[in-house]
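Printed here is my_file_33.txt (compact mmCIF, C-alpha atoms):
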```
# COMPACT_ATOMS: atom_id res chain seq x y z
CA MET A 1 0.00 0.00 0.00
CA CYS A 2 1.23 3.49 -0.81
CA VAL A 3 -0.16 6.44 1.11
CA PRO A 4 -1.03 9.64 -0.80
CA GLY A 5 2.10 11.38 -2.02
CA CYS A 6 4.44 8.42 -1.50
CA MET A 7 5.06 7.89 -5.22
CA ASP A 8 5.94 11.57 -5.57
CA ALA A 9 8.42 11.11 -2.74
CA VAL A 10 9.90 8.01 -4.37
CA HIS A 11 10.38 9.78 -7.71
CA ALA A 12 11.83 12.81 -5.96
CA SER A 13 14.28 10.60 -4.09
CA LEU A 14 15.28 8.79 -7.26
CA SER A 15 15.85 12.07 -9.08
CA ARG A 16 18.08 13.28 -6.27
CA ARG A 17 20.09 10.13 -5.85
CA GLY A 18 20.07 8.97 -9.46
CA PHE A 19 20.84 5.54 -10.79
CA PHE A 20 24.41 5.30 -11.94
CA LYS A 21 26.48 2.83 -13.86
CA GLY A 22 29.06 0.59 -12.29
CA ALA A 23 30.11 1.10 -8.71
CA THR A 24 28.17 4.36 -8.49
CA ALA A 25 24.94 2.38 -8.67
CA VAL A 26 25.87 0.79 -5.37
CA GLY A 27 25.75 4.24 -3.84
CA PHE A 28 21.98 4.04 -4.14
CA ALA A 29 21.91 0.77 -2.21
CA VAL A 30 24.07 2.21 0.56
CA THR A 31 21.99 5.38 0.65
CA ALA A 32 18.80 3.37 0.88
CA LEU A 33 20.09 1.72 4.05
CA SER A 34 20.52 5.04 5.86
CA SER A 35 17.96 7.19 4.09
CA ALA A 36 15.94 7.90 7.23
CA GLU A 37 19.02 9.10 9.07
CA ALA A 38 20.23 11.07 6.08
CA ALA A 39 16.90 12.87 5.78
CA THR A 40 17.43 14.46 9.20
CA LYS A 41 20.82 15.93 8.31
CA LYS A 42 21.41 19.09 6.38
CA LYS A 43 23.52 18.36 3.31
CA PRO A 44 25.84 20.77 1.55
CA LYS A 45 24.77 21.85 -1.90
CA GLU A 46 26.14 19.41 -4.46
CA LYS A 47 28.11 20.76 -7.39
CA GLU A 48 27.05 19.89 -10.89
CA ASP A 49 28.98 17.02 -12.37
CA ALA A 50 28.58 16.48 -16.09
CA SER A 51 30.76 13.37 -16.30
CA PRO A 52 29.04 10.26 -17.77
CA GLU A 53 29.62 8.27 -14.59
CA ARG A 54 27.78 10.87 -12.52
CA ALA A 55 24.94 11.61 -14.92
CA GLU A 56 21.56 11.10 -13.31
CA ARG A 57 19.39 8.30 -14.62
CA TYR A 58 15.67 7.89 -14.09
CA PHE A 59 13.87 4.59 -14.25
CA LYS A 60 11.21 4.46 -16.93
CA ALA A 61 9.54 1.18 -16.07
CA VAL A 62 9.19 -1.48 -13.41
CA VAL A 63 9.49 -5.16 -14.34
CA ASP A 64 8.15 -7.84 -12.03
CA LEU A 65 10.66 -10.70 -11.80
CA THR A 66 8.38 -12.80 -9.61
CA HIS A 67 6.40 -15.91 -10.51
CA THR A 68 2.91 -16.14 -9.01
CA MET A 69 3.11 -18.57 -6.11
CA SER A 70 0.48 -21.31 -5.87
CA PRO A 71 0.22 -24.95 -4.75
CA ALA A 72 0.81 -25.92 -8.39
CA PHE A 73 4.23 -24.25 -8.64
CA PRO A 74 6.97 -26.87 -9.25
CA THR A 75 9.12 -27.70 -6.19
CA PHE A 76 12.15 -29.80 -5.42
CA PHE A 77 10.16 -32.02 -3.10
CA GLY A 78 7.18 -32.59 -5.39
CA VAL A 79 4.79 -31.25 -2.76
CA PRO A 80 2.96 -27.90 -2.72
CA GLY A 81 5.25 -25.05 -1.76
CA ILE A 82 2.32 -23.17 -0.28
CA GLU A 83 -1.13 -24.08 1.02
CA LEU A 84 -3.85 -21.56 1.89
CA GLN A 85 -6.61 -22.27 4.37
CA LYS A 86 -9.53 -19.87 4.58
CA GLN A 87 -10.03 -18.90 8.23
CA PHE A 88 -12.31 -15.90 7.95
CA ASP A 89 -14.85 -15.11 5.25
CA PHE A 90 -16.15 -11.65 4.38
CA LYS A 91 -19.82 -12.67 4.26
CA LYS A 92 -19.63 -14.39 7.64
CA ASP A 93 -16.96 -12.46 9.50
CA GLY A 94 -16.79 -9.09 7.76
CA PHE A 95 -13.25 -9.67 6.46
CA ASN A 96 -11.17 -12.23 4.57
CA LEU A 97 -8.10 -13.94 6.03
CA ASN A 98 -6.12 -17.04 5.08
CA TRP A 99 -3.66 -19.09 7.05
CA TRP A 100 -0.55 -19.99 5.07
CA ARG A 101 1.56 -23.11 5.29
CA LEU A 102 4.64 -22.74 3.12
CA ILE A 103 8.12 -24.00 2.32
CA GLU A 104 10.70 -21.24 2.71
CA HIS A 105 12.48 -22.31 -0.47
CA ALA A 106 9.68 -22.52 -3.02
CA GLY A 107 8.50 -20.23 -5.78
CA THR A 108 10.57 -17.11 -6.44
CA HIS A 109 12.61 -16.99 -3.26
CA LEU A 110 15.86 -16.02 -1.56
CA ASP A 111 18.45 -18.34 -0.03
CA ALA A 112 20.02 -16.70 3.01
CA PRO A 113 23.61 -17.59 4.07
CA ILE A 114 22.28 -19.81 6.91
CA HIS A 115 20.58 -22.08 4.35
CA PHE A 116 23.89 -23.85 3.66
CA SER A 117 26.02 -22.97 6.67
CA GLU A 118 26.03 -23.67 10.39
CA ASP A 119 26.09 -20.10 11.63
CA GLY A 120 25.46 -17.86 8.62
CA ALA A 121 23.16 -14.86 8.58
CA THR A 122 19.43 -15.53 8.64
CA ALA A 123 17.17 -13.72 6.18
CA ASP A 124 16.11 -11.11 8.72
CA ALA A 125 19.77 -10.18 9.33
CA ILE A 126 20.41 -9.16 5.70
CA VAL A 127 20.61 -5.38 5.75
CA ALA A 128 18.25 -3.44 3.50
CA GLY A 129 21.11 -1.78 1.63
CA GLU A 130 22.21 -5.17 0.31
CA LEU A 131 18.79 -5.82 -1.22
CA VAL A 132 18.85 -2.91 -3.70
CA VAL A 133 21.65 -3.62 -6.15
CA PRO A 134 22.73 -3.36 -9.80
CA LEU A 135 21.75 -6.39 -11.86
CA ALA A 136 23.94 -8.07 -14.46
CA VAL A 137 21.98 -10.49 -16.66
CA ILE A 138 24.11 -13.18 -18.31
CA ASP A 139 22.30 -14.72 -21.29
CA VAL A 140 23.08 -18.43 -21.70
CA ARG A 141 19.87 -19.43 -23.50
CA LYS A 142 21.69 -20.79 -26.56
CA GLN A 143 23.91 -22.97 -24.39
CA ALA A 144 20.93 -24.21 -22.35
CA GLU A 145 19.03 -25.14 -25.50
CA LYS A 146 21.86 -27.52 -26.42
CA ASP A 147 22.52 -28.79 -22.90
CA ALA A 148 19.73 -28.91 -20.29
CA ASP A 149 22.35 -29.37 -17.55
CA TYR A 150 24.45 -26.39 -18.67
CA LEU A 151 26.59 -24.70 -16.02
CA MET A 152 27.12 -20.97 -16.45
CA GLY A 153 30.85 -20.43 -16.11
CA ILE A 154 33.63 -17.88 -15.89
CA GLU A 155 33.83 -17.53 -19.67
CA ASP A 156 30.17 -16.51 -19.82
CA VAL A 157 30.83 -13.66 -17.40
CA LEU A 158 34.01 -12.59 -19.20
CA THR A 159 32.07 -12.49 -22.47
CA TRP A 160 29.49 -10.24 -20.79
CA GLU A 161 32.27 -7.99 -19.47
CA LYS A 162 33.80 -7.59 -22.93
CA ARG A 163 30.55 -5.97 -23.99
CA PHE A 164 29.46 -4.14 -20.83
CA LYS A 165 32.71 -3.58 -18.89
CA LYS A 166 33.57 -5.07 -15.50
CA LEU A 167 30.76 -6.26 -13.26
CA PRO A 168 29.57 -3.37 -11.08
CA ASN A 169 30.51 -3.57 -7.41
CA SER A 170 28.00 -5.17 -5.04
CA CYS A 171 25.80 -6.35 -7.90
CA CYS A 172 23.67 -9.43 -8.42
CA VAL A 173 24.72 -11.72 -11.27
CA ALA A 174 21.71 -13.41 -12.87
CA MET A 175 21.65 -16.43 -15.18
CA LEU A 176 19.13 -16.14 -18.01
CA SER A 177 18.68 -19.70 -19.29
CA GLY A 178 15.14 -19.29 -20.63
CA TRP A 179 13.88 -21.92 -18.19
CA SER A 180 11.17 -19.71 -16.72
CA ALA A 181 9.15 -20.23 -19.91
CA LYS A 182 8.70 -23.87 -18.83
CA VAL A 183 7.30 -23.09 -15.39
CA GLY A 184 3.72 -23.92 -16.41
CA ASP A 185 4.74 -27.53 -17.04
CA ALA A 186 6.30 -29.08 -13.95
CA ALA A 187 7.76 -32.02 -15.89
CA LYS A 188 9.61 -29.72 -18.29
CA TYR A 189 10.63 -27.23 -15.60
CA THR A 190 12.18 -29.82 -13.30
CA GLY A 191 13.35 -32.03 -16.17
CA LYS A 192 12.91 -35.04 -13.90
CA ASP A 193 13.78 -38.27 -15.71
CA ALA A 194 12.73 -41.87 -15.11
CA ALA A 195 15.53 -42.31 -12.59
CA GLY A 196 14.35 -39.29 -10.60
CA THR A 197 17.20 -37.00 -11.65
CA PHE A 198 16.46 -33.37 -12.36
CA HIS A 199 17.75 -31.63 -15.48
CA PHE A 200 18.01 -27.84 -15.67
CA PRO A 201 20.88 -25.30 -15.92
CA GLY A 202 22.73 -23.79 -12.99
CA VAL A 203 25.82 -21.88 -11.93
CA ALA A 204 29.21 -23.62 -11.91
CA SER A 205 30.91 -23.76 -8.52
CA GLU A 206 34.11 -22.60 -10.25
CA LEU A 207 32.31 -19.41 -11.25
CA ALA A 208 31.07 -18.90 -7.69
CA GLU A 209 34.63 -19.26 -6.39
CA TRP A 210 35.96 -16.88 -9.05
CA LEU A 211 33.35 -14.23 -8.26
CA LEU A 212 34.29 -14.41 -4.59
CA LYS A 213 37.97 -13.89 -5.34
CA GLU A 214 37.96 -11.65 -8.41
CA ARG A 215 34.79 -9.57 -8.24
CA ASN A 216 32.64 -7.78 -5.66
CA VAL A 217 29.26 -9.49 -6.03
CA LEU A 218 26.48 -9.69 -3.41
CA GLY A 219 24.04 -12.09 -5.02
CA LEU A 220 23.50 -14.83 -7.56
CA ALA A 221 20.16 -15.35 -9.30
CA VAL A 222 18.82 -18.10 -11.57
CA ASP A 223 15.61 -18.68 -13.50
CA THR A 224 15.61 -22.35 -12.47
CA LEU A 225 14.88 -24.34 -9.30
CA SER A 226 18.41 -24.12 -7.94
CA LEU A 227 21.75 -22.28 -8.06
CA ASP A 228 23.26 -25.70 -8.77
CA ASN A 229 22.16 -27.48 -11.92
CA GLY A 230 19.58 -30.26 -11.86
CA PRO A 231 21.84 -33.34 -11.65
CA SER A 232 23.92 -31.90 -8.79
CA LYS A 233 24.11 -34.11 -5.72
CA ASP A 234 26.69 -32.15 -3.72
CA PHE A 235 25.22 -28.63 -4.16
CA LYS A 236 28.74 -27.27 -4.35
CA THR A 237 27.67 -23.85 -5.65
CA HIS A 238 25.34 -23.41 -2.68
CA LYS A 239 28.11 -24.54 -0.31
CA THR A 240 30.61 -22.16 -1.90
CA TRP A 241 28.41 -19.09 -2.22
CA LEU A 242 26.07 -18.91 0.77
CA PRO A 243 28.57 -19.51 3.62
CA SER A 244 30.52 -16.50 2.31
CA GLY A 245 27.73 -14.27 3.62
CA ARG A 246 26.06 -13.72 0.25
CA TRP A 247 22.54 -14.54 -0.90
CA GLY A 248 20.98 -16.38 -3.83
CA LEU A 249 17.71 -16.06 -5.73
CA GLU A 250 15.94 -18.96 -7.43
CA ASN A 251 12.94 -19.28 -9.77
CA VAL A 252 13.37 -15.74 -11.08
CA ALA A 253 10.96 -14.64 -13.83
CA ASN A 254 11.12 -12.25 -16.81
CA LEU A 255 14.89 -11.75 -16.99
CA GLU A 256 14.57 -11.71 -20.78
CA LYS A 257 12.65 -8.42 -20.49
CA LEU A 258 15.66 -6.60 -19.05
CA SER A 259 18.70 -4.92 -20.52
CA PRO A 260 21.75 -7.04 -19.62
CA SER A 261 23.39 -4.18 -17.72
CA GLN A 262 20.95 -1.36 -16.99
CA ALA A 263 18.55 -2.66 -14.33
CA ILE A 264 18.47 -2.06 -10.60
CA LEU A 265 17.19 -5.02 -8.58
CA VAL A 266 14.96 -4.52 -5.55
CA VAL A 267 14.49 -7.63 -3.38
CA GLY A 268 11.35 -7.53 -1.24
CA LEU A 269 12.33 -10.02 1.46
CA PRO A 270 10.08 -10.84 4.45
CA LYS A 271 11.87 -10.06 7.71
CA VAL A 272 11.12 -13.25 9.64
CA LYS A 273 13.35 -13.96 12.61
CA GLY A 274 15.52 -17.03 12.15
CA SER A 275 14.36 -17.76 8.61
CA THR A 276 16.74 -19.50 6.18
CA GLY A 277 15.18 -17.65 3.27
CA GLY A 278 11.72 -17.00 1.99
CA PRO A 279 9.43 -16.00 -0.85
CA VAL A 280 10.32 -12.64 -2.37
CA ARG A 281 8.76 -10.04 -4.64
CA LEU A 282 11.52 -9.13 -7.06
CA ILE A 283 11.31 -5.78 -8.82
CA ALA A 284 13.63 -4.49 -11.55
CA LEU A 285 13.82 -0.74 -12.19
CA ILE A 286 14.78 0.02 -15.79
```

I need this file expressed as structure tokens, please.
Amino acid sequence: MCVPGCMDAVHASLSRRGFFKGATAVGFAVTALSSAEAATKKKPKEKEDASPERAERYFKAVVDLTHTMSPAFPTFFGVPGIELQKQFDFKKDGFNLNWWRLIEHAGTHLDAPIHFSEDGATADAIVAGELVVPLAVIDVRKQAEKDADYLMGIEDVLTWEKRFKKLPNSCCVAMLSGWSAKVGDAAKYTGKDAAGTFHFPGVASELAEWLLKERNVLGLAVDTLSLDNGPSKDFKTHKTWLPSGRWGLENVANLEKLSPSQAILVVGLPKVKGSTGGPVRLIALI
């Protein structure tokens, strides 16, 4: 819900802060974390800066990167990721209210560091400034068409960087495999074969290790069921990435609607104490 005037305030804030390329874009995420405090302080008048890196950018559209969650959405466990039970009915009680029973890691959701570590951060401990980040979309659809178990690797990122320059600091790197188009057919989306093995693309653990050492990246995102590819049994990418204090996003929708390098990702994450992750509403500002 947005109270009267809130959208004007949002647009005013965006026009002041701007959305910048590269590391400058991260400035928005950091600012968002302390915006309430910053609003109470008098700031010196900023000088005009005409350099390309400092040019203000306004978002023109909002793209929803979230699949609609329902009991029919494909899950790893083959059981409904969410169940709704009607507890109060408008005609009888004067209002509507459902009870939810859900799996934290179903639908479009976030994996918190604690999901694959003994003492990592829970979802509620992830600071807000780390949930508004530049988004780099790596298109591997051609590779995934040829190999359902394709692993996005270092070379895919380097190819992206040759075109769009180095990954921006504190960004989220997203794999666009085209798999979200299959989400309406659970058999195709999971790729489960007669032996019970899943088949869908994922992120190579070698890439996860490389990003940790060579780049400053906060999140990984995939348009499939898992950061690891379908046949994975050791979940090495999860075990490499999450214990480092970073987060992952799975079952992301509509990545094909974005520019590979111009979007800002906003992760709407429920702040539930002790949670290992949870359903999210992903928004891309373009």

Show which residues sit within 8 Å of range 220-230 of chain A, as a PyMOL selection string. Count only C-alpha atoms, and ignore same-chain residues fewer than 6 positions away. chain A and resi 75-76+149-151+172-180+189-191+197-205+236-238+247-253+255

- Message: If we count all atoms listed in the file and set the cut-off at 7 Å, which residues sit around Glu104 in chain A, ignoring sequence neighbours fewer than 6 positions away in its own chain? Please answer as number ranges by chain.
- Response: A: 277-279

Practice prompt. Write out as a VMD selection string the residues lying within 10 Å of Val272 in chain A, counting all atoms listed in the file and excluding same-chain residues fewer than 6 positions away.
Written response: chain A and resid 122 to 125 278

CA of Leu131 in chain A sits from CA of Glu155 in chain A at a separation of 26.5 Å

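Within the 10 Å cut-off around Met69 in chain A, using all atoms listed in the file and omitting residues fewer than 2 positions from it on the same chain, the listed residues are Thr66, His67, Pro71, Ala72, Phe73, Pro74, Pro80, Gly81, Ile82, Glu83, Ala106, Gly107, Thr108 and Pro279 of chain A.
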
Write to file, as an mmCIF file, keeping the file's coordinate frame, the residues of the selection just made, with C-alpha atoms.
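Result file follows (again_0.cif):
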```cif
data_model
loop_
_atom_site.group_PDB
_atom_site.id
_atom_site.type_symbol
_atom_site.label_atom_id
_atom_site.label_comp_id
_atom_site.auth_asym_id
_atom_site.auth_seq_id
_atom_site.Cartn_x
_atom_site.Cartn_y
_atom_site.Cartn_z
ATOM 1 C CA THR A 66 8.380 -12.800 -9.610
ATOM 2 C CA HIS A 67 6.400 -15.910 -10.510
ATOM 3 C CA PRO A 71 0.220 -24.950 -4.750
ATOM 4 C CA ALA A 72 0.810 -25.920 -8.390
ATOM 5 C CA PHE A 73 4.230 -24.250 -8.640
ATOM 6 C CA PRO A 74 6.970 -26.870 -9.250
ATOM 7 C CA PRO A 80 2.960 -27.900 -2.720
ATOM 8 C CA GLY A 81 5.250 -25.050 -1.760
ATOM 9 C CA ILE A 82 2.320 -23.170 -0.280
ATOM 10 C CA GLU A 83 -1.130 -24.080 1.020
ATOM 11 C CA ALA A 106 9.680 -22.520 -3.020
ATOM 12 C CA GLY A 107 8.500 -20.230 -5.780
ATOM 13 C CA THR A 108 10.570 -17.110 -6.440
ATOM 14 C CA PRO A 279 9.430 -16.000 -0.850
#
```

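The spacing separating CA of Phe164 in chain A from CA of Leu135 in chain A amounts to 12.0 Å.
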
message = Need the shell around Pro260 in chain A: protein/DNA/RNA residues with any atom at most 8 Å away, counting all atoms listed in the file. Skip same-chain ones fewer than 5 positions apart. Format as a PyMOL selection string?
response = chain A and resi 135-139

Sel. within 10 Å of pt (23.0, -25.1, 7.6), counting all atoms listed in the file, output as a PyMOL selection string: chain A and resi 113-120+239+242-243+276

Among listed residues A:Val63, A:Gly129, A:Ser70, A:Asp156, nearest Glu256 in chain A (using only C-alpha atoms):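 Ranking A:Val63, A:Gly129, A:Ser70, A:Asp156 by distance to Glu256 in chain A, first place goes to A:Val63.
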
Interatomic distance, CA of Arg163 in chain A to CA of Lys60 in chain A (Å, one decimal):
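Separation between CA of Arg163 in chain A and CA of Lys60 in chain A: 23.1 Å.
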